[in-house]
Amino acid sequence: MSAVAIDESRPRTRVKERAEEQSSSMDEAQQAAIRMLANDLHRLNQSVMKAVEAGVSVELVRSARHHSGNGNWGDLLIPVVVKTGG
């Protein structure tokens with residue numbers, strides 16, 4: 001087993017692990033969609049951290065809720081960005 005460097009200054013969001021735990025009873029198509037969502041969320045979290053380090057505050061706010069028509073729904077987000085000082 002190789003050692004992996006962990007940046008202790010970054011929060012650990014566990015997006016991938018949480019998605020895997022929650023999708024264990026889903027079919028293949030659902031699991032694939034959740035894996036894609038988890039990957040995108042991981043990238044979003046990295047982008048938020050980079051923006052914060054660059055000197056802005058970022059809040060993600062629900063802008064709408066998407067409904068599938070069969071009872072499933074998902075929140076759609078927009079960023080609210082505030083420049084702080086500098």
# chains A, B, ... in the order shown; residues from 1 in each chain; ligands from 1
$ select_by_dssp --residues "chain A" --states "alpha helix (DSSP H)" --output "PyMOL selection string"
chain A and resi 15-22+28-53
$ residues_around --residues "A:Asn39" --least-positions-apart "6" --cutoff "12 Å" --atoms "only C-alpha atoms" --output "ChimeraX atom specification"
/A:13-20,32-33,45-46
$ residues_around --residues "stretch 73-86 of chain A" --least-positions-apart "6" --cutoff "7 Å" --atoms "only C-alpha atoms" --output "list in words"
Gly55, Val56, Ser57, Val58, Glu59, Leu60, Val61, Arg62, Ser63, Ala64, Arg65, His66 and His67 of chain A
$ select_by_dssp --residues "chain A" --states "strand (DSSP E or B)" --output "list in words"
Val56, Ser57, Val58, Glu59, Leu60, Val61, Arg62, Ser63, Ala64, Arg65, His66, His67, Trp73, Gly74, Asp75, Leu76, Leu77, Ile78, Pro79, Val80, Val81, Val82 and Lys83 of chain A
